Amino acid sequence: MILPRIGIACSARSAFSKTSPNLASLLNTTSKKHNLVAQHRSFFCQRQLQNPNQKRYVGKRLLHGNQPGVGPKEDPNSGGVGRGPVSWVNLGLIGVASAAAVAYYRIQRERRIEEAMGKIVTSESGGWSPDPKLWKPRQYYQTEDGRWFPETDPFGASGKPAIGAPWTLVDLKGNLVSEQTFAGKFTLLYFGFARCPDICPSEMQKVAQVMDTMKEKFPEVAANVQPIFVSIDPGRDSIDALRSYEKDFHPSYAFLTGTPQMVASMAKSYRVYVSRADETEDGDYLVDHSIVLYFHDDKGEMVDVFTQSMKPTDILDRIVGFAQSFEKKKKLDAQN
């Protein structure tokens, strides 16, 4: 592109040298400058750029000029694309630093856990202690050699929660019943409602399976277990409604209902979650509630709870285990 420019400049100089001396002088000066640049570039390329990579780099630079951000990005002495701000060495250093930071964090965390586990937390030292209003104290028994041990229960070392209270409801015969009505038997208490589409029937069928297996394998225990169904929807679960409902379930069930105040008081004492869902266009509604089976001893004291995730075999083992331990303790107390 340099030689055509020079030819054009020479032609222009010859054409206008007669009419415009100043213009001819200007063109003459421009032509000389182009000749010098061409000679300099040719000399530079012949004498300095012996390396093919350097020639390629200079060629690209001459093509794009010295504009910032334009042209080749590689080093003229390198064989390919140049290195950017991130390299494999930098990535390796970052990885080592990150691993060291994670290891330090884990070491400090383990030290803090060891320090916390080494401290004795008591009520005297300002630590946590069970609230006597929410947790009943554990019962202890004395062995033959005079040592005392806490009684085994499913609620752990803190004792069992203070759930349950005296209650009064109505059975399907219209009679008032209370926890004293079932004294002398182990009761299996469940809160639900007759229009429950799936959860309540499923849990009640689970209890029926437990009762049938218990009656077959442990008849003496089954004779002392009383399942109880308490309606949390007294507005719709009347005595007549529950009479129709009980036909679909185990005959050993006792179905109870009552006034809204009676049911609410009992549900509150057992800390049962109850929430009425929005009504549909036809006035129907569902009731969200806790799905728990409460197991009581012969005095009405709660001794265990069974959640929805437990299998019938698990519930059976827990009930039979408690009943057998209860009978052994009863015999030992009679001997003493």
# chains A, B, ... in the order shown; residues from 1 in each chain; ligands from 1
$ residues_around --residues "A:Gly192" --least-positions-apart "3" --cutoff "10 Å" --atoms "only C-alpha atoms" --output "list in words"
Arg195, Cys196, Ile199, Cys200, Pro201, Glu203, Met204, Phe229, Val230, Ser231, Ile232, Asp233, Val274, Val287, Asp288, His289, Ser290, Ile291 and Val292 of chain A
$ residues_around --residues "A:Ser252" --least-positions-apart "6" --cutoff "9 Å" --atoms "only C-alpha atoms" --output "ChimeraX atom specification"
/A:208,211,226-228
$ atom_distance --atom1 "atom CA of A:Leu293" --atom2 "atom CA of A:Ser269"
14.5 Å
$ residues_around --residues "stretch 167-184 of chain A" --least-positions-apart "4" --cutoff "12 Å" --atoms "only C-alpha atoms" --output "ChimeraX atom specification"
/A:188-189,223-232,234,237-246,253-270,296-302
$ write_last_selection --atoms "C-alpha atoms" --output "mmCIF file, in the first residue's frame"
data_model
loop_
_atom_site.group_PDB
_atom_site.id
_atom_site.type_symbol
_atom_site.label_atom_id
_atom_site.label_comp_id
_atom_site.auth_asym_id
_atom_site.auth_seq_id
_atom_site.Cartn_x
_atom_site.Cartn_y
_atom_site.Cartn_z
ATOM 1 C CA LEU A 188 -54.230 -45.770 73.200
ATOM 2 C CA LEU A 189 -55.563 -42.279 72.462
ATOM 3 C CA ALA A 223 -57.372 -57.590 77.046
ATOM 4 C CA ASN A 224 -55.961 -54.600 78.959
ATOM 5 C CA VAL A 225 -55.512 -52.189 76.000
ATOM 6 C CA GLN A 226 -58.316 -49.794 75.099
ATOM 7 C CA PRO A 227 -58.108 -47.730 71.848
ATOM 8 C CA ILE A 228 -59.903 -44.373 72.052
ATOM 9 C CA PHE A 229 -60.864 -42.026 69.232
ATOM 10 C CA VAL A 230 -61.502 -38.372 70.198
ATOM 11 C CA SER A 231 -63.146 -36.132 67.607
ATOM 12 C CA ILE A 232 -61.590 -32.688 67.149
ATOM 13 C CA PRO A 234 -67.461 -31.620 67.383
ATOM 14 C CA ASP A 237 -69.048 -35.252 64.514
ATOM 15 C CA SER A 238 -72.250 -35.742 66.433
ATOM 16 C CA ILE A 239 -73.107 -38.956 68.240
ATOM 17 C CA ASP A 240 -75.097 -40.192 65.267
ATOM 18 C CA ALA A 241 -72.259 -39.351 62.868
ATOM 19 C CA LEU A 242 -69.741 -41.249 65.002
ATOM 20 C CA ARG A 243 -72.086 -44.217 65.300
ATOM 21 C CA SER A 244 -72.080 -44.499 61.529
ATOM 22 C CA TYR A 245 -68.333 -43.925 61.419
ATOM 23 C CA GLU A 246 -67.415 -46.624 63.934
ATOM 24 C CA TYR A 253 -62.504 -48.637 69.637
ATOM 25 C CA ALA A 254 -64.252 -46.191 71.978
ATOM 26 C CA PHE A 255 -65.479 -43.114 70.071
ATOM 27 C CA LEU A 256 -65.812 -39.882 72.062
ATOM 28 C CA THR A 257 -67.028 -36.385 71.284
ATOM 29 C CA GLY A 258 -68.310 -33.420 73.267
ATOM 30 C CA THR A 259 -68.959 -29.718 73.198
ATOM 31 C CA PRO A 260 -66.397 -27.468 71.462
ATOM 32 C CA GLN A 261 -65.187 -26.265 74.862
ATOM 33 C CA MET A 262 -64.687 -29.809 76.179
ATOM 34 C CA VAL A 263 -62.803 -30.942 73.080
ATOM 35 C CA ALA A 264 -60.663 -27.778 72.943
ATOM 36 C CA SER A 265 -59.704 -28.136 76.608
ATOM 37 C CA MET A 266 -58.590 -31.743 76.173
ATOM 38 C CA ALA A 267 -56.724 -31.029 72.925
ATOM 39 C CA LYS A 268 -54.894 -28.178 74.617
ATOM 40 C CA SER A 269 -53.805 -30.344 77.544
ATOM 41 C CA TYR A 270 -52.338 -32.861 75.077
ATOM 42 C CA HIS A 296 -51.195 -44.403 78.870
ATOM 43 C CA ASP A 297 -50.739 -46.767 81.784
ATOM 44 C CA ASP A 298 -53.547 -48.103 83.989
ATOM 45 C CA LYS A 299 -53.607 -44.851 85.984
ATOM 46 C CA GLY A 300 -53.993 -42.572 82.972
ATOM 47 C CA GLU A 301 -50.375 -41.412 82.970
ATOM 48 C CA MET A 302 -48.827 -41.084 79.525
#
$ atom_distance --atom1 "atom CA of A:Glu327" --atom2 "atom CA of A:Ala222"
13.7 Å
$ atom_distance --atom1 "atom CA of A:Leu93" --atom2 "atom CA of A:Arg106"
20.3 Å
